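Accompanying notes for the structure given below.
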Amino acid sequence: MSDDSTVETRPQAPQGGTAQGRQERPPEPVPPAPRRPRRGAGPVTLLVLPGLLTLGAVAGVLALTGGLPVDGSPDSGSGQSAAGGVNETYGPWLRKAAGACTVVTPALLAAQIDQLSGWRDDTGASGEQGIAGYTDGEWRSWGRDDDGNGKSSPRDPADAVMALGRQDCSLAQQVTELRTEGTVNGDLVDLTLAAYAVGTDAVKRAGGVPDGALTYLAEVKGLLPRYEAFDKEPPSDAGPRGGAVLTAPLSALTVTSPYGSRRHPLTGVTKLHTGVDFAAPQGTPVTAARDGRVVFAAMTKAYGNRVVVDHGTIEGKRLETTYSHLSALDVRTGQSVRTGTLLGRAGSTGLSTGPHLHFEVVYDGYYADPLPWLGSGG
């Protein structure tokens, strides 16, 4: 069985919208007008970015809790140049933001930010703020306090990256539906970028990528190779040091789709499959792999009924597990669970080709191959 390839580490129901927003959670915000992409600084700015970031911004990024150590101390090597010369502390947030859907990748988000602002935290002539260039009106639609620092701001790099991921995934959902209906044709990434540049309505009228979006597409896609490192598996130390840390979430583990890069069977997009698919008949009990607390238990668009359990820290790094495509939920958010507690039952809700369990391990904000954690490989 196969399923969606990525989703947020701690999913939140997406905000609604019309021309550029998902319609999943009321009240629906007023969608912003199509963005006018602005070309940021080129490679020179990127290469000197770490020296241009203010100490306050760096400290804020390093203290983020959703993918970086919560004590403010980066892992060994953090803060150094990563893909495209960009400070690698952005990596966990790019991966988390791209995890909201199957079309968007971390490299795509990074390339967009490069095109929009050259990674500069400035204010544009039209009032765009921060590295993703949001106006106040646009921020009201897409912005949240994603890093939990008490303030939602387009000038907060983590908040900005997550907002762009939400917006792109909303657009990806819309163009996917249009393509399924036969209203538009084309590659989903191209259609999503076009919708970002000129609006979904323009894409619909053109039946594909409008001429007015071609320049933006060419610029963003031209920058993609610079950021390919963000799409790759994190460093090898993001995993257990030996022995099985987790117990099996099913009574029998039969892998039908392993962790790693793959072509999604429904969307056709090739990207990291962030977990393992285990064969499971409809209604099979799915249990907690370790003691912890349920931090998410709800229906999602891509992953159907989904449960995320926070297991606390191991070797100073936070460990979470996720359980997706469930036919039923047997826990609620905030509930404490023990190893073996019934979380739900296997099913095929969301983007799925048949009943199974999509199981993920998220360690220190990075997706990791679950099998070594289960003592089943690696």
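Residues in the structure tokens are named by chain (A, B, ... in the order shown) and by number from 1 within that chain; ligands are numbered from 1 in the order shown.
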
Residues near range 176-184 of chain A, cut-off 6 Å, only C-alpha atoms, skip fewer than 3 positions along chain, as a list of chain:residue names: A:Ala172, A:Gln173, A:Gly207, A:Gly208

Spatial neighbours of range 354-357 of chain A, 12 Å, only C-alpha atoms, chain gap at least 5 places, as a PyMOL selection string: chain A and resi 1-4+248-258+265-266+275-287+303-307+322-327+343-349

Determine, counting only C-alpha atoms, which protein, DNA and RNA residues have an atom within 8 Å of an atom of Leu188 in chain A; residues of the same chain fewer than 2 positions away are not included. Present the result as a PyMOL selection string. chain A and resi 103+172+175-176+186+190-192+269

Range 68-297 of chain A: residues DSSP assigns to strand (DSSP E), reported as a ChimeraX atom specification: /A:255-257,260-263,270-273,276-279,285-287,292-297

For the selection just defined, write its residues with N, CA and C atoms to a file, as an mmCIF file, in the first residue's frame.
```cif
data_model
loop_
_atom_site.group_PDB
_atom_site.id
_atom_site.type_symbol
_atom_site.label_atom_id
_atom_site.label_comp_id
_atom_site.auth_asym_id
_atom_site.auth_seq_id
_atom_site.Cartn_x
_atom_site.Cartn_y
_atom_site.Cartn_z
ATOM 1 N N VAL A 255 6.373 -4.642 5.501
ATOM 2 C CA VAL A 255 6.631 -3.382 4.808
ATOM 3 C C VAL A 255 6.143 -3.464 3.372
ATOM 4 N N THR A 256 5.307 -2.506 2.975
ATOM 5 C CA THR A 256 4.851 -2.427 1.586
ATOM 6 C C THR A 256 5.458 -1.238 0.857
ATOM 7 N N SER A 257 5.943 -0.251 1.593
ATOM 8 C CA SER A 257 6.622 0.889 0.983
ATOM 9 C C SER A 257 7.604 1.428 2.020
ATOM 10 N N GLY A 260 12.234 6.526 2.320
ATOM 11 C CA GLY A 260 13.186 6.946 1.298
ATOM 12 C C GLY A 260 12.507 7.611 0.122
ATOM 13 N N SER A 261 13.298 8.021 -0.834
ATOM 14 C CA SER A 261 12.766 8.715 -2.008
ATOM 15 C C SER A 261 11.912 7.765 -2.842
ATOM 16 N N ARG A 262 10.754 8.253 -3.286
ATOM 17 C CA ARG A 262 9.895 7.442 -4.135
ATOM 18 C C ARG A 262 8.967 8.339 -4.937
ATOM 19 N N ARG A 263 8.370 7.775 -5.959
ATOM 20 C CA ARG A 263 7.362 8.471 -6.752
ATOM 21 C C ARG A 263 6.000 8.160 -6.155
ATOM 22 N N THR A 270 7.894 12.884 -7.114
ATOM 23 C CA THR A 270 8.976 12.144 -6.469
ATOM 24 C C THR A 270 9.571 12.984 -5.347
ATOM 25 N N LYS A 271 9.527 12.469 -4.137
ATOM 26 C CA LYS A 271 10.104 13.147 -2.995
ATOM 27 C C LYS A 271 10.286 12.136 -1.872
ATOM 28 N N LEU A 272 10.777 12.595 -0.741
ATOM 29 C CA LEU A 272 11.047 11.705 0.379
ATOM 30 C C LEU A 272 9.756 11.114 0.932
ATOM 31 N N HIS A 273 9.691 9.788 0.992
ATOM 32 C CA HIS A 273 8.615 9.105 1.707
ATOM 33 C C HIS A 273 9.045 9.055 3.156
ATOM 34 N N VAL A 276 7.241 4.590 6.918
ATOM 35 C CA VAL A 276 7.131 3.243 6.367
ATOM 36 C C VAL A 276 5.663 2.872 6.305
ATOM 37 N N ASP A 277 5.266 2.265 5.207
ATOM 38 C CA ASP A 277 3.909 1.739 5.089
ATOM 39 C C ASP A 277 3.915 0.275 5.483
ATOM 40 N N PHE A 278 3.073 -0.062 6.453
ATOM 41 C CA PHE A 278 2.930 -1.445 6.883
ATOM 42 C C PHE A 278 1.578 -1.976 6.442
ATOM 43 N N ALA A 279 1.563 -3.168 5.866
ATOM 44 C CA ALA A 279 0.304 -3.791 5.478
ATOM 45 C C ALA A 279 -0.551 -4.022 6.719
ATOM 46 N N PRO A 285 -5.972 -3.157 14.983
ATOM 47 C CA PRO A 285 -5.591 -2.236 16.064
ATOM 48 C C PRO A 285 -4.199 -1.651 15.845
ATOM 49 N N VAL A 286 -4.081 -0.340 16.076
ATOM 50 C CA VAL A 286 -2.813 0.375 15.988
ATOM 51 C C VAL A 286 -2.511 0.920 17.371
ATOM 52 N N THR A 287 -1.329 0.612 17.904
ATOM 53 C CA THR A 287 -1.020 0.945 19.289
ATOM 54 C C THR A 287 0.199 1.856 19.397
ATOM 55 N N GLY A 292 3.982 8.223 26.081
ATOM 56 C CA GLY A 292 4.043 9.604 25.619
ATOM 57 C C GLY A 292 2.733 10.323 25.785
ATOM 58 N N ARG A 293 2.610 11.421 25.072
ATOM 59 C CA ARG A 293 1.397 12.247 25.130
ATOM 60 C C ARG A 293 0.932 12.531 23.713
ATOM 61 N N VAL A 294 -0.348 12.387 23.467
ATOM 62 C CA VAL A 294 -0.917 12.660 22.150
ATOM 63 C C VAL A 294 -0.946 14.173 21.923
ATOM 64 N N VAL A 295 -0.273 14.631 20.887
ATOM 65 C CA VAL A 295 -0.244 16.063 20.591
ATOM 66 C C VAL A 295 -1.093 16.411 19.375
ATOM 67 N N PHE A 296 -1.575 15.401 18.668
ATOM 68 C CA PHE A 296 -2.468 15.635 17.531
ATOM 69 C C PHE A 296 -3.270 14.366 17.294
ATOM 70 N N ALA A 297 -4.583 14.530 17.123
ATOM 71 C CA ALA A 297 -5.459 13.401 16.805
ATOM 72 C C ALA A 297 -6.671 13.959 16.077
#
```

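Candidate residues A:Ala298, A:His311, A:Asp291, A:Gly316 were compared for distance to Arg338 in chain A, and the nearest is A:Asp291, using only C-alpha atoms.
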
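Between Pro372 in chain A and the candidates A:Ser352, A:Ala244, A:Ala302, A:Leu329, the tightest atom-to-atom separation, counting only C-alpha atoms, involves A:Ala244.
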
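Between CA of Thr102 in chain A and CA of Asp147 in chain A the separation is 22.5 Å.
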
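Of the residues under consideration (A:Glu228, A:Thr200, A:Asp187, A:Ala97), A:Ala97 shows the shortest atom-to-atom contact distance to Asp159 in chain A when counting only C-alpha atoms.
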
Applying 7 Å and only C-alpha atoms, which residues near range 218-226 of chain A remain after dropping the ones on its own chain fewer than 2 positions away? List them as a short mmCIF file (atom, residue, chain, number, x, y, z; two decimals) with N, CA and C atoms, in the first residue's frame.
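The result, written out as around24.cif:
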```
data_model
loop_
_atom_site.label_atom_id
_atom_site.label_comp_id
_atom_site.auth_asym_id
_atom_site.auth_seq_id
_atom_site.Cartn_x
_atom_site.Cartn_y
_atom_site.Cartn_z
N ALA A 83 22.83 24.18 2.26
CA ALA A 83 22.48 24.28 0.85
C ALA A 83 22.44 25.73 0.40
N GLY A 84 23.05 26.00 -0.74
CA GLY A 84 22.98 27.33 -1.32
C GLY A 84 23.66 28.40 -0.50
N ALA A 107 13.46 22.11 -0.89
CA ALA A 107 14.24 22.84 -1.87
C ALA A 107 13.38 23.84 -2.64
N LEU A 108 12.14 23.46 -2.93
CA LEU A 108 11.24 24.36 -3.65
C LEU A 108 10.96 25.60 -2.81
N ALA A 111 14.06 27.79 -2.80
CA ALA A 111 14.24 28.47 -4.08
C ALA A 111 13.26 29.63 -4.22
N GLN A 112 12.04 29.47 -3.73
CA GLN A 112 11.08 30.57 -3.77
C GLN A 112 11.55 31.74 -2.91
N GLN A 115 14.22 33.57 -4.65
CA GLN A 115 13.68 34.40 -5.73
C GLN A 115 12.97 35.64 -5.18
N LEU A 214 5.43 32.38 -16.51
CA LEU A 214 6.58 31.63 -17.03
C LEU A 214 7.91 32.14 -16.49
N THR A 215 8.05 33.46 -16.38
CA THR A 215 9.31 34.00 -15.88
C THR A 215 9.56 33.58 -14.44
N TYR A 216 8.53 33.67 -13.62
CA TYR A 216 8.66 33.27 -12.22
C TYR A 216 9.03 31.79 -12.12
N GLU A 228 19.20 21.43 -3.28
CA GLU A 228 18.87 20.01 -3.25
C GLU A 228 19.24 19.35 -1.94
#
```

Please provide the set of residues having any atom within 7 Å of Ala194 in chain A, restricted to only C-alpha atoms, with same-chain residues fewer than 3 positions apart removed, written as a PyMOL selection string. chain A and resi 190-191+197-198+203+209+213+217

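Every protein, DNA or RNA residue with an atom at most 9 Å from Thr313 in chain A, where only C-alpha atoms count and chain neighbours fewer than 6 positions away do not, is listed here: Leu319, Glu320, Tyr363 and Asp364 of chain A.
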
Prev. selection, N, CA, C and O atoms, output as a PDB file, in the first residue's frame:
```
ATOM      1  N   LEU A 319      11.584  13.107  20.527  1.00  0.00           N
ATOM      2  CA  LEU A 319      11.148  11.987  19.694  1.00  0.00           C
ATOM      3  C   LEU A 319       9.634  11.987  19.572  1.00  0.00           C
ATOM      4  O   LEU A 319       8.919  12.092  20.580  1.00  0.00           O
ATOM      5  N   GLU A 320       9.152  11.882  18.346  1.00  0.00           N
ATOM      6  CA  GLU A 320       7.718  11.777  18.081  1.00  0.00           C
ATOM      7  C   GLU A 320       7.475  10.620  17.119  1.00  0.00           C
ATOM      8  O   GLU A 320       8.336  10.287  16.292  1.00  0.00           O
ATOM      9  N   TYR A 363      12.712  12.667  14.834  1.00  0.00           N
ATOM     10  CA  TYR A 363      13.701  12.801  15.903  1.00  0.00           C
ATOM     11  C   TYR A 363      14.450  14.113  15.739  1.00  0.00           C
ATOM     12  O   TYR A 363      15.065  14.365  14.699  1.00  0.00           O
ATOM     13  N   ASP A 364      14.348  14.971  16.747  1.00  0.00           N
ATOM     14  CA  ASP A 364      14.992  16.281  16.707  1.00  0.00           C
ATOM     15  C   ASP A 364      14.509  17.105  15.511  1.00  0.00           C
ATOM     16  O   ASP A 364      15.266  17.874  14.919  1.00  0.00           O
TER      17      ASP A 364
END
```

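Running DSSP on the backbone gives alpha helix (DSSP H) for these residues within range 190-227 of chain A: A:Asp190, A:Leu191, A:Thr192, A:Leu193, A:Ala194, A:Ala195, A:Tyr196, A:Ala197, A:Val198, A:Thr200, A:Asp201, A:Ala202, A:Val203, A:Lys204, A:Arg205, A:Ala206, A:Leu214, A:Thr215, A:Tyr216, A:Leu217, A:Ala218, A:Glu219, A:Val220, A:Lys221, A:Gly222, A:Leu223.
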
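Put simply, CA of Gly375 in chain A is 7.9 Å away from CA of Leu246 in chain A.
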